[in-house]
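A.B. asks: Supplied structure: my_file-v3.pdb, PDB, C-alpha atoms, pLDDT in the B column.
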```pdb
ATOM      1  CA  MET Y   1     -67.414  -4.328  -1.694  1.00 75.00           C
ATOM      2  CA  PHE Y   2     -65.917  -6.909   0.649  1.00 82.00           C
ATOM      3  CA  PHE Y   3     -64.699  -8.931  -2.323  1.00 78.00           C
ATOM      4  CA  GLN Y   4     -63.183  -5.837  -3.926  1.00 75.00           C
ATOM      5  CA  CYS Y   5     -61.182  -4.863  -0.857  1.00 80.00           C
ATOM      6  CA  MET Y   6     -59.959  -8.387  -0.097  1.00 83.00           C
ATOM      7  CA  MET Y   7     -58.950  -8.773  -3.742  1.00 79.00           C
ATOM      8  CA  ALA Y   8     -57.010  -5.487  -3.711  1.00 78.00           C
ATOM      9  CA  VAL Y   9     -55.307  -6.351  -0.403  1.00 84.00           C
ATOM     10  CA  SER Y  10     -54.270  -9.799  -1.598  1.00 83.00           C
ATOM     11  CA  LEU Y  11     -52.997  -8.643  -4.989  1.00 80.00           C
ATOM     12  CA  PHE Y  12     -50.973  -5.800  -3.519  1.00 83.00           C
ATOM     13  CA  TYR Y  13     -49.450  -8.104  -0.906  1.00 88.00           C
ATOM     14  CA  CYS Y  14     -48.618 -10.755  -3.509  1.00 84.00           C
ATOM     15  CA  ALA Y  15     -46.856  -8.152  -5.659  1.00 83.00           C
ATOM     16  CA  HIS Y  16     -44.485  -7.322  -2.813  1.00 86.00           C
ATOM     17  CA  TRP Y  17     -44.278 -10.981  -1.795  1.00 87.00           C
ATOM     18  CA  GLN Y  18     -42.729 -11.909  -5.131  1.00 86.00           C
ATOM     19  CA  THR Y  19     -40.416  -8.904  -4.792  1.00 86.00           C
ATOM     20  CA  TYR Y  20     -39.303 -10.167  -1.387  1.00 88.00           C
ATOM     21  CA  VAL Y  21     -38.576 -13.559  -2.933  1.00 88.00           C
ATOM     22  CA  SER Y  22     -36.906 -12.540  -6.188  1.00 85.00           C
ATOM     23  CA  GLY Y  23     -35.420  -9.154  -5.250  1.00 83.00           C
ATOM     24  CA  THR Y  24     -37.027  -7.529  -8.310  1.00 81.00           C
ATOM     25  CA  LEU Y  25     -40.245  -5.518  -8.459  1.00 77.00           C
ATOM     26  CA  ARG Y  26     -42.196  -6.575 -11.557  1.00 74.00           C
ATOM     27  CA  PHE Y  27     -44.900  -4.584 -13.326  1.00 72.00           C
ATOM     28  CA  GLY Y  28     -47.500  -6.008 -15.682  1.00 67.00           C
ATOM     29  CA  TYR Y  29     -49.705  -4.386 -18.284  1.00 68.00           C
ATOM     30  CA  VAL Y  30     -52.696  -4.917 -15.998  1.00 65.00           C
ATOM     31  CA  ASP Y  31     -51.509  -4.927 -12.398  1.00 68.00           C
ATOM     32  CA  VAL Y  32     -52.413  -3.923  -8.858  1.00 68.00           C
ATOM     33  CA  THR Y  33     -52.705  -0.226  -9.658  1.00 73.00           C
ATOM     34  CA  GLU Y  34     -55.187  -0.905 -12.469  1.00 72.00           C
ATOM     35  CA  ALA Y  35     -57.199  -3.121 -10.127  1.00 69.00           C
ATOM     36  CA  GLN Y  36     -57.411  -0.335  -7.562  1.00 72.00           C
ATOM     37  CA  PHE Y  37     -58.515   2.165 -10.213  1.00 78.00           C
ATOM     38  CA  GLY Y  38     -61.150  -0.339 -11.315  1.00 73.00           C
ATOM     39  CA  VAL Y  39     -62.505  -0.505  -7.775  1.00 73.00           C
ATOM     40  CA  ILE Y  40     -62.569   3.313  -7.624  1.00 78.00           C
ATOM     41  CA  ILE Y  41     -64.499   3.510 -10.910  1.00 79.00           C
ATOM     42  CA  ILE Y  42     -67.041   0.949  -9.695  1.00 75.00           C
ATOM     43  CA  HIS Y  43     -67.716   2.951  -6.541  1.00 76.00           C
ATOM     44  CA  LEU Y  44     -67.961   6.229  -8.481  1.00 83.00           C
ATOM     45  CA  ILE Y  45     -70.544   4.713 -10.816  1.00 79.00           C
ATOM     46  CA  THR Y  46     -72.516   3.503  -7.793  1.00 76.00           C
ATOM     47  CA  VAL Y  47     -72.398   6.957  -6.193  1.00 82.00           C
ATOM     48  CA  ILE Y  48     -73.447   8.785  -9.371  1.00 88.00           C
ATOM     49  CA  PHE Y  49     -76.163   6.437 -10.709  1.00 82.00           C
ATOM     50  CA  GLY Y  50     -77.143   4.607  -7.523  1.00 78.00           C
ATOM     51  CA  PRO Y  51     -76.962   0.922  -6.649  1.00 73.00           C
ATOM     52  CA  GLY Y  52     -79.799   0.194  -9.057  1.00 74.00           C
ATOM     53  CA  VAL Y  53     -77.497   0.567 -12.024  1.00 72.00           C
ATOM     54  CA  TRP Y  54     -76.030  -2.854 -11.270  1.00 69.00           C
ATOM     55  CA  SER Y  55     -79.442  -4.502 -11.650  1.00 72.00           C
ATOM     56  CA  VAL Y  56     -79.941  -3.272 -15.211  1.00 71.00           C
ATOM     57  CA  LYS Y  57     -81.154  -6.154 -17.357  1.00 72.00           C
ATOM     58  CA  ILE Y  58     -79.628  -7.170 -20.647  1.00 63.00           C
ATOM     59  CA  PRO Y  59     -81.731  -9.467 -22.836  1.00 63.00           C
ATOM     60  CA  GLY Y  60     -81.417 -12.931 -21.399  1.00 58.00           C
ATOM     61  CA  THR Y  61     -79.302 -11.774 -18.425  1.00 57.00           C
ATOM     62  CA  GLU Y  62     -80.064 -10.281 -15.030  1.00 54.00           C
ATOM     63  CA  LEU Y  63     -77.618  -8.398 -12.816  1.00 55.00           C
ATOM     64  CA  ALA Y  64     -75.341  -8.298 -15.832  1.00 54.00           C
ATOM     65  CA  PHE Y  65     -72.920  -5.662 -14.644  1.00 60.00           C
ATOM     66  CA  ILE Y  66     -72.318  -7.345 -11.287  1.00 61.00           C
ATOM     67  CA  ALA Y  67     -71.743 -10.697 -12.991  1.00 54.00           C
ATOM     68  CA  ILE Y  68     -69.337  -9.176 -15.502  1.00 59.00           C
ATOM     69  CA  TYR Y  69     -67.486  -7.247 -12.817  1.00 61.00           C
ATOM     70  CA  ILE Y  70     -67.077 -10.278 -10.544  1.00 60.00           C
ATOM     71  CA  THR Y  71     -65.968 -12.366 -13.524  1.00 54.00           C
ATOM     72  CA  LEU Y  72     -63.346  -9.791 -14.493  1.00 60.00           C
ATOM     73  CA  GLY Y  73     -62.204  -9.490 -10.877  1.00 61.00           C
ATOM     74  CA  VAL Y  74     -61.779 -13.237 -10.471  1.00 59.00           C
ATOM     75  CA  ALA Y  75     -60.034 -13.459 -13.843  1.00 58.00           C
ATOM     76  CA  GLN Y  76     -57.643 -10.702 -12.820  1.00 61.00           C
ATOM     77  CA  VAL Y  77     -56.850 -12.413  -9.518  1.00 62.00           C
ATOM     78  CA  ILE Y  78     -56.200 -15.702 -11.331  1.00 65.00           C
ATOM     79  CA  LEU Y  79     -54.031 -13.927 -13.924  1.00 65.00           C
ATOM     80  CA  LYS Y  80     -51.990 -12.136 -11.261  1.00 65.00           C
ATOM     81  CA  LEU Y  81     -51.535 -15.284  -9.198  1.00 66.00           C
ATOM     82  CA  TRP Y  82     -50.620 -17.160 -12.378  1.00 70.00           C
ATOM     83  CA  HIS Y  83     -47.621 -14.847 -12.760  1.00 71.00           C
ATOM     84  CA  CYS Y  84     -46.813 -14.561  -9.040  1.00 76.00           C
ATOM     85  CA  ILE Y  85     -46.858 -18.215  -8.009  1.00 77.00           C
ATOM     86  CA  PRO Y  86     -43.984 -19.389 -10.286  1.00 78.00           C
ATOM     87  CA  VAL Y  87     -41.829 -16.477  -9.115  1.00 79.00           C
ATOM     88  CA  ILE Y  88     -42.638 -17.144  -5.459  1.00 80.00           C
ATOM     89  CA  LEU Y  89     -42.054 -20.904  -5.657  1.00 79.00           C
ATOM     90  CA  TRP Y  90     -39.064 -21.085  -7.984  1.00 79.00           C
ATOM     91  CA  GLY Y  91     -37.684 -17.557  -8.342  1.00 78.00           C
ATOM     92  CA  GLY Y  92     -35.916 -17.180  -5.001  1.00 80.00           C
ATOM     93  CA  ALA Y  93     -32.804 -15.008  -5.190  1.00 80.00           C
ATOM     94  CA  GLY Y  94     -31.326 -16.310  -1.929  1.00 80.00           C
ATOM     95  CA  ARG Y  95     -29.341 -19.433  -1.199  1.00 81.00           C
ATOM     96  CA  ASN Y  96     -30.988 -22.671  -2.410  1.00 80.00           C
ATOM     97  CA  GLY Y  97     -33.887 -20.716  -3.865  1.00 81.00           C
ATOM     98  CA  SER Y  98     -34.829 -18.932  -0.631  1.00 85.00           C
ATOM     99  CA  THR Y  99     -35.895 -15.294  -0.276  1.00 87.00           C
ATOM    100  CA  ILE Y 100     -33.373 -12.468  -0.353  1.00 87.00           C
ATOM    101  CA  ALA Y 101     -33.332 -12.679   3.457  1.00 85.00           C
ATOM    102  CA  GLY Y 102     -32.522 -16.386   3.357  1.00 85.00           C
ATOM    103  CA  THR Y 103     -35.944 -17.448   4.674  1.00 85.00           C
ATOM    104  CA  SER Y 104     -38.594 -19.767   3.251  1.00 86.00           C
ATOM    105  CA  VAL Y 105     -40.425 -18.440   0.213  1.00 87.00           C
ATOM    106  CA  LEU Y 106     -43.752 -19.467   1.806  1.00 86.00           C
ATOM    107  CA  SER Y 107     -43.200 -17.650   5.108  1.00 86.00           C
ATOM    108  CA  PRO Y 108     -44.985 -14.393   4.054  1.00 88.00           C
ATOM    109  CA  VAL Y 109     -48.236 -16.315   3.567  1.00 89.00           C
ATOM    110  CA  VAL Y 110     -48.760 -16.461   7.346  1.00 89.00           C
ATOM    111  CA  PRO Y 111     -49.347 -12.692   7.907  1.00 90.00           C
ATOM    112  CA  LEU Y 112     -51.628 -12.573   4.859  1.00 90.00           C
ATOM    113  CA  ALA Y 113     -53.668 -15.483   6.221  1.00 90.00           C
ATOM    114  CA  PHE Y 114     -53.946 -13.688   9.575  1.00 91.00           C
ATOM    115  CA  ILE Y 115     -55.670 -10.831   7.740  1.00 91.00           C
ATOM    116  CA  VAL Y 116     -57.931 -12.481   5.171  1.00 91.00           C
ATOM    117  CA  ALA Y 117     -59.136 -15.446   7.254  1.00 92.00           C
ATOM    118  CA  PRO Y 118     -60.288 -13.398  10.312  1.00 92.00           C
ATOM    119  CA  ALA Y 119     -61.914 -10.816   8.021  1.00 93.00           C
ATOM    120  CA  ILE Y 120     -64.035 -13.525   6.392  1.00 92.00           C
ATOM    121  CA  LEU Y 121     -64.792 -15.474   9.565  1.00 92.00           C
ATOM    122  CA  ILE Y 122     -65.728 -12.452  11.682  1.00 93.00           C
ATOM    123  CA  ALA Y 123     -68.072 -11.098   8.997  1.00 91.00           C
ATOM    124  CA  TRP Y 124     -69.612 -14.544   8.460  1.00 91.00           C
ATOM    125  CA  LYS Y 125     -70.055 -15.563  12.105  1.00 89.00           C
ATOM    126  CA  SER Y 126     -71.098 -12.193  13.530  1.00 89.00           C
ATOM    127  CA  PRO Y 127     -74.459 -12.538  15.316  1.00 88.00           C
ATOM    128  CA  ASP Y 128     -75.146  -8.811  14.899  1.00 86.00           C
ATOM    129  CA  GLY Y 129     -74.193  -8.629  11.217  1.00 88.00           C
ATOM    130  CA  LEU Y 130     -71.079  -6.588  12.033  1.00 90.00           C
ATOM    131  CA  TYR Y 131     -69.964  -6.133   8.434  1.00 91.00           C
ATOM    132  CA  LEU Y 132     -73.450  -5.553   7.026  1.00 89.00           C
ATOM    133  CA  GLN Y 133     -74.189  -2.870   9.633  1.00 90.00           C
ATOM    134  CA  ASN Y 134     -70.757  -1.173   9.527  1.00 90.00           C
ATOM    135  CA  PRO Y 135     -69.136  -1.927   6.156  1.00 89.00           C
ATOM    136  CA  THR Y 136     -67.002   1.209   5.954  1.00 87.00           C
ATOM    137  CA  ILE Y 137     -65.494   0.948   9.441  1.00 93.00           C
ATOM    138  CA  TYR Y 138     -65.033  -2.805   9.023  1.00 94.00           C
ATOM    139  CA  LEU Y 139     -63.111  -2.512   5.755  1.00 91.00           C
ATOM    140  CA  LEU Y 140     -61.151   0.503   7.030  1.00 92.00           C
ATOM    141  CA  THR Y 141     -60.039  -1.543  10.039  1.00 94.00           C
ATOM    142  CA  PHE Y 142     -58.802  -4.508   8.047  1.00 94.00           C
ATOM    143  CA  GLY Y 143     -57.401  -2.200   5.367  1.00 92.00           C
ATOM    144  CA  CYS Y 144     -55.169  -0.483   7.929  1.00 93.00           C
ATOM    145  CA  VAL Y 145     -54.034  -3.864   9.252  1.00 94.00           C
ATOM    146  CA  SER Y 146     -53.135  -5.001   5.738  1.00 92.00           C
ATOM    147  CA  ALA Y 147     -51.335  -1.703   5.069  1.00 92.00           C
ATOM    148  CA  ARG Y 148     -49.217  -2.211   8.192  1.00 93.00           C
ATOM    149  CA  ILE Y 149     -48.340  -5.803   7.220  1.00 93.00           C
ATOM    150  CA  THR Y 150     -47.548  -4.840   3.621  1.00 91.00           C
ATOM    151  CA  ASN Y 151     -45.302  -1.985   4.800  1.00 92.00           C
ATOM    152  CA  ARG Y 152     -43.418  -4.450   6.992  1.00 92.00           C
ATOM    153  CA  LEU Y 153     -42.955  -6.714   3.957  1.00 91.00           C
ATOM    154  CA  VAL Y 154     -41.570  -3.792   1.931  1.00 91.00           C
ATOM    155  CA  VAL Y 155     -39.173  -2.877   4.763  1.00 90.00           C
ATOM    156  CA  ALA Y 156     -38.105  -6.528   5.054  1.00 89.00           C
ATOM    157  CA  HIS Y 157     -37.326  -6.554   1.334  1.00 88.00           C
ATOM    158  CA  MET Y 158     -35.380  -3.301   1.386  1.00 88.00           C
ATOM    159  CA  THR Y 159     -33.348  -4.326   4.446  1.00 87.00           C
ATOM    160  CA  LYS Y 160     -33.044  -8.017   3.457  1.00 87.00           C
ATOM    161  CA  SER Y 161     -34.276  -9.062   6.879  1.00 87.00           C
ATOM    162  CA  GLU Y 162     -36.619 -11.776   8.086  1.00 86.00           C
ATOM    163  CA  MET Y 163     -40.286 -10.910   8.365  1.00 84.00           C
ATOM    164  CA  ALA Y 164     -41.830 -11.911  11.678  1.00 81.00           C
ATOM    165  CA  TYR Y 165     -45.162 -13.733  11.720  1.00 81.00           C
ATOM    166  CA  SER Y 166     -46.608 -11.690  14.586  1.00 82.00           C
ATOM    167  CA  ASP Y 167     -47.454  -8.000  14.539  1.00 86.00           C
ATOM    168  CA  ALA Y 168     -49.027  -5.551  16.966  1.00 88.00           C
ATOM    169  CA  SER Y 169     -51.761  -4.618  14.477  1.00 90.00           C
ATOM    170  CA  LEU Y 170     -53.014  -8.237  14.440  1.00 91.00           C
ATOM    171  CA  LEU Y 171     -54.216  -7.741  18.007  1.00 92.00           C
ATOM    172  CA  GLY Y 172     -57.230  -5.896  16.594  1.00 92.00           C
ATOM    173  CA  PRO Y 173     -58.632  -8.754  14.477  1.00 92.00           C
ATOM    174  CA  GLY Y 174     -57.647 -11.137  17.271  1.00 92.00           C
ATOM    175  CA  ALA Y 175     -59.747  -9.170  19.759  1.00 94.00           C
ATOM    176  CA  LEU Y 176     -62.782  -9.277  17.431  1.00 93.00           C
ATOM    177  CA  PHE Y 177     -62.328 -13.006  16.901  1.00 92.00           C
ATOM    178  CA  LEU Y 178     -61.975 -13.812  20.616  1.00 93.00           C
ATOM    179  CA  ASN Y 179     -64.991 -11.648  21.419  1.00 93.00           C
ATOM    180  CA  GLN Y 180     -67.087 -13.752  19.062  1.00 92.00           C
ATOM    181  CA  TYR Y 181     -65.585 -16.976  20.432  1.00 91.00           C
ATOM    182  CA  PHE Y 182     -66.766 -16.076  23.936  1.00 91.00           C
ATOM    183  CA  ASN Y 183     -70.278 -15.149  22.713  1.00 90.00           C
ATOM    184  CA  CYS Y 184     -69.669 -11.395  22.470  1.00 89.00           C
ATOM    185  CA  PRO Y 185     -69.328 -10.208  26.095  1.00 92.00           C
ATOM    186  CA  ILE Y 186     -68.376  -6.821  24.591  1.00 92.00           C
ATOM    187  CA  PRO Y 187     -70.766  -5.245  22.057  1.00 92.00           C
ATOM    188  CA  GLU Y 188     -69.313  -5.938  18.615  1.00 92.00           C
ATOM    189  CA  LYS Y 189     -69.958  -2.472  17.230  1.00 92.00           C
ATOM    190  CA  PHE Y 190     -68.225  -0.769  20.158  1.00 95.00           C
ATOM    191  CA  LEU Y 191     -65.243  -3.127  19.947  1.00 94.00           C
ATOM    192  CA  LEU Y 192     -64.993  -2.582  16.198  1.00 95.00           C
ATOM    193  CA  TYR Y 193     -64.703   1.178  16.664  1.00 95.00           C
ATOM    194  CA  VAL Y 194     -62.066   0.723  19.378  1.00 96.00           C
ATOM    195  CA  VAL Y 195     -60.081  -1.646  17.165  1.00 95.00           C
ATOM    196  CA  CYS Y 196     -60.365   0.762  14.212  1.00 95.00           C
ATOM    197  CA  VAL Y 197     -58.887   3.619  16.251  1.00 96.00           C
ATOM    198  CA  TYR Y 198     -56.123   1.337  17.529  1.00 96.00           C
ATOM    199  CA  VAL Y 199     -55.026   0.042  14.108  1.00 95.00           C
ATOM    200  CA  ILE Y 200     -55.033   3.555  12.607  1.00 95.00           C
ATOM    201  CA  TYR Y 201     -52.846   4.786  15.481  1.00 95.00           C
ATOM    202  CA  ASP Y 202     -50.581   1.748  15.125  1.00 94.00           C
ATOM    203  CA  LEU Y 203     -50.153   2.325  11.374  1.00 94.00           C
ATOM    204  CA  ILE Y 204     -49.295   6.019  11.835  1.00 94.00           C
ATOM    205  CA  LYS Y 205     -46.880   5.157  14.649  1.00 94.00           C
ATOM    206  CA  TYR Y 206     -45.114   2.538  12.532  1.00 93.00           C
ATOM    207  CA  CYS Y 207     -44.768   4.868   9.515  1.00 92.00           C
ATOM    208  CA  ARG Y 208     -43.380   7.589  11.772  1.00 92.00           C
ATOM    209  CA  GLU Y 209     -40.792   5.262  13.282  1.00 92.00           C
ATOM    210  CA  VAL Y 210     -39.663   4.019   9.870  1.00 91.00           C
ATOM    211  CA  CYS Y 211     -39.305   7.573   8.531  1.00 90.00           C
ATOM    212  CA  LEU Y 212     -37.292   8.670  11.576  1.00 90.00           C
ATOM    213  CA  GLU Y 213     -34.998   5.640  11.322  1.00 90.00           C
ATOM    214  CA  ILE Y 214     -34.341   6.333   7.644  1.00 88.00           C
ATOM    215  CA  CYS Y 215     -33.620   9.997   8.379  1.00 89.00           C
ATOM    216  CA  SER Y 216     -31.316   9.084  11.248  1.00 88.00           C
ATOM    217  CA  HIS Y 217     -29.376   6.603   9.120  1.00 87.00           C
ATOM    218  CA  LEU Y 218     -29.019   8.928   6.130  1.00 87.00           C
ATOM    219  CA  ASN Y 219     -28.453  12.000   8.329  1.00 85.00           C
ATOM    220  CA  ILE Y 220     -31.234  13.965   6.667  1.00 84.00           C
ATOM    221  CA  MET Y 221     -34.047  16.090   8.080  1.00 81.00           C
ATOM    222  CA  LEU Y 222     -37.749  15.359   7.917  1.00 78.00           C
ATOM    223  CA  PHE Y 223     -40.105  18.345   7.563  1.00 78.00           C
ATOM    224  CA  THR Y 224     -37.293  20.669   8.716  1.00 74.00           C
ATOM    225  CA  ILE Y 225     -35.985  23.703   6.827  1.00 69.00           C
ATOM    226  CA  VAL Y 226     -32.276  24.401   7.249  1.00 68.00           C
ATOM    227  CA  PRO Y 227     -31.645  28.142   7.916  1.00 64.00           C
ATOM    228  CA  LYS Y 228     -29.844  29.804   5.031  1.00 60.00           C
ATOM    229  CA  TYR Y 229     -28.401  32.724   7.014  1.00 57.00           C
ATOM    230  CA  VAL Y 230     -26.942  32.578  10.536  1.00 49.00           C
ATOM    231  CA  SER Y 231     -26.723  35.839  12.490  1.00 48.00           C
ATOM    232  CA  GLY Y 232     -24.773  34.783  15.584  1.00 49.00           C
ATOM    233  CA  ALA Y 233     -22.578  32.216  17.248  1.00 47.00           C
ATOM    234  CA  LYS Y 234     -25.524  30.774  19.143  1.00 48.00           C
ATOM    235  CA  SER Y 235     -27.447  30.230  15.943  1.00 48.00           C
ATOM    236  CA  LEU Y 236     -24.330  28.778  14.348  1.00 46.00           C
ATOM    237  CA  SER Y 237     -23.840  26.208  17.074  1.00 50.00           C
ATOM    238  CA  SER Y 238     -27.505  25.183  16.950  1.00 50.00           C
ATOM    239  CA  ALA Y 239     -27.320  24.810  13.179  1.00 46.00           C
ATOM    240  CA  GLU Y 240     -24.236  22.621  13.512  1.00 49.00           C
ATOM    241  CA  LYS Y 241     -26.000  20.434  16.083  1.00 49.00           C
ATOM    242  CA  ASN Y 242     -28.860  19.968  13.665  1.00 50.00           C
ATOM    243  CA  GLY Y 243     -26.394  18.663  11.096  1.00 49.00           C
ATOM    244  CA  SER Y 244     -26.530  21.585   8.635  1.00 45.00           C
ATOM    245  CA  SER Y 245     -23.715  21.783   6.135  1.00 44.00           C
ATOM    246  CA  SER Y 246     -21.295  24.717   6.017  1.00 40.00           C
ATOM    247  CA  LYS Y 247     -22.407  25.551   2.461  1.00 41.00           C
ATOM    248  CA  TYR Y 248     -25.603  27.032   3.937  1.00 38.00           C
ATOM    249  CA  LEU Y 249     -23.630  29.533   6.063  1.00 38.00           C
ATOM    250  CA  THR Y 250     -22.682  32.910   4.617  1.00 38.00           C
ATOM    251  CA  ARG Y 251     -20.104  33.834   7.283  1.00 39.00           C
ATOM    252  CA  SER Y 252     -17.331  31.820   8.891  1.00 37.00           C
ATOM    253  CA  LYS Y 253     -17.030  31.091  12.611  1.00 41.00           C
ATOM    254  CA  SER Y 254     -14.215  33.603  13.124  1.00 40.00           C
ATOM    255  CA  LYS Y 255     -16.206  36.448  11.652  1.00 41.00           C
ATOM    256  CA  VAL Y 256     -19.190  35.591  13.768  1.00 42.00           C
ATOM    257  CA  LYS Y 257     -17.107  35.513  16.948  1.00 44.00           C
ATOM    258  CA  THR Y 258     -15.418  38.894  16.234  1.00 46.00           C
ATOM    259  CA  ASN Y 259     -18.814  40.476  15.802  1.00 43.00           C
TER     260      ASN Y 259
END
```
Let's see the structure in the file written out as structure tokens.
C.D. replies:
Amino acid sequence: MFFQCMMAVSLFYCAHWQTYVSGTLRFGYVDVTEAQFGVIIIHLITVIFGPGVWSVKIPGTELAFIAIYITLGVAQVILKLWHCIPVILWGGAGRNGSTIAGTSVLSPVVPLAFIVAPAILIAWKSPDGLYLQNPTIYLLTFGCVSARITNRLVVAHMTKSEMAYSDASLLGPGALFLNQYFNCPIPEKFLLYVVCVYVIYDLIKYCREVCLEICSHLNIMLFTIVPKYVSGAKSLSSAEKNGSSSKYLTRSKSKVKTN
């Protein structure tokens, strides 16, 4: 399960990484979406038939399904990277082969490394078996961090701006790593739950801010219904303040005032 999630995170990030470099979003016959559906199918099979289904023996082979699945997963990662790496290294749309923001084509690797490397090290070095005891919360935590970083990469591509190496969501994995470095003065399970709540809040906060900035720039409303009929001058003035167009009003200002 850890391999599945790290694979999906890395592939999805690489897809938008090459978009940030080349300025074009490319789709393959077998791409990130298919990989995510494959992960979903694997988990559904496990839920329906139980974990024992993956230990079914084929003549001459044990744990056949797990071996085949891992082989296909690794092959898919290699195939995706085989198409992404040339675009990332030599497909820059900016000046002198840089990204569309004019930055180095290798700069987005830093945020990705800040996600994958701590996820592996913390799970490997945990004295309490943090991942083995809390796999769902652990993967949810790092999944939200990767979602935040990937959203920032998408925004950087759309706005043609530089992507910063640091991010507020990286404080969560950093706290888990430092806690292990100092021999776990805080219980790992408790800290993991605190970090999970923090990164979920941080992701929701970031998405909200991006949506509000887009709405403010385009002068549109988010989850707001413009009134179709205005019954008085007070309602008219409030509708105008909210930016509603005159085509939604059935009576002019003069008629409203005379009434």
A.B. asks: So, with only C-alpha atoms as the atoms that count, which of Y:Pro185, Y:Glu34, Y:Phe12, Y:Leu192 lies closest to Gly172 (chain Y)?
C.D. replies: Y:Leu192
A.B. asks: Name the residues that the PyMOL selection byres ((chain Y and resi 24) around 12) pulls out of this structure, and write them as JSON, numbers by chain.
C.D. replies: {"Y": [15, 16, 17, 18, 19, 20, 21, 22, 23, 25, 26, 27, 87, 88, 91, 92, 93, 99, 100, 154, 157, 158]}
A.B. asks: For CA of Leu139 (chain Y) and CA of Leu203 (chain Y), quote the distance in Å rounded to one decimal.
C.D. replies: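 Calculated distance between CA of Leu139 (chain Y) and CA of Leu203 (chain Y) is 14.9 Å.
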A.B. asks: Could you work out how far CA of Gly143 (chain Y) lies from CA of Met7 (chain Y), giving the answer in Å with one decimal?
C.D. replies: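 Interatomic distance here is 11.3 Å.
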A.B. asks: Could you expand the PyMOL selection byres ((chain Y and resi 159-166) around 9) into the explicit residues it covers here, written as a ChimeraX atom specification?
C.D. replies: /Y:20,99-103,107-108,110-111,152-158,167-170
A.B. asks: Given only C-alpha atoms as the basis, pick out the residue of Y:Ile214, Y:Val145, Y:Val56, Y:Val105 nearest to Val199 (chain Y).
C.D. replies: Y:Val145
A.B. asks: For a test of reading the model, state the distance in Å between CA of Val210 (chain Y) and CA of Cys144 (chain Y), rounded to one decimal.
C.D. replies: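 Those two atoms sit 16.3 Å apart.
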A.B. asks: Mind checking which residues fall within 12 Å of Pro127 (chain Y), counting all atoms listed in the file, ignoring those fewer than 5 positions away in the same chain, and posting them as a PyMOL selection string?
C.D. replies: chain Y and resi 121-122+132-133+179-181+183-184+187-189
A.B. asks: Assuming the input is short of atoms at region 192-203 of chain Y, produce N, CA and C atoms for that part as a compact mmCIF listing (two decimals), in the coordinates of the input.
C.D. replies:
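Result file is part-v5.txt:
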```txt
# COMPACT_ATOMS: atom_id res chain seq x y z
N LEU Y 192 -65.48 -2.87 17.54
CA LEU Y 192 -64.99 -2.58 16.20
C LEU Y 192 -64.46 -1.16 16.11
N TYR Y 193 -65.16 -0.21 16.69
CA TYR Y 193 -64.70 1.18 16.66
C TYR Y 193 -63.40 1.34 17.45
N VAL Y 194 -63.30 0.66 18.59
CA VAL Y 194 -62.07 0.72 19.38
C VAL Y 194 -60.90 0.13 18.59
N VAL Y 195 -61.13 -1.01 17.96
CA VAL Y 195 -60.08 -1.65 17.16
C VAL Y 195 -59.69 -0.77 15.98
N CYS Y 196 -60.66 -0.11 15.35
CA CYS Y 196 -60.36 0.76 14.21
C CYS Y 196 -59.45 1.90 14.63
N VAL Y 197 -59.74 2.54 15.76
CA VAL Y 197 -58.89 3.62 16.25
C VAL Y 197 -57.48 3.10 16.56
N TYR Y 198 -57.43 1.92 17.15
CA TYR Y 198 -56.12 1.34 17.53
C TYR Y 198 -55.26 1.05 16.30
N VAL Y 199 -55.84 0.42 15.27
CA VAL Y 199 -55.03 0.04 14.11
C VAL Y 199 -54.60 1.27 13.31
N ILE Y 200 -55.44 2.31 13.28
CA ILE Y 200 -55.03 3.56 12.61
C ILE Y 200 -53.85 4.19 13.34
N TYR Y 201 -53.96 4.25 14.68
CA TYR Y 201 -52.85 4.79 15.48
C TYR Y 201 -51.59 3.95 15.29
N ASP Y 202 -51.73 2.63 15.28
CA ASP Y 202 -50.58 1.75 15.12
C ASP Y 202 -49.91 1.93 13.77
N LEU Y 203 -50.71 2.11 12.72
CA LEU Y 203 -50.15 2.33 11.37
C LEU Y 203 -49.39 3.64 11.30
```
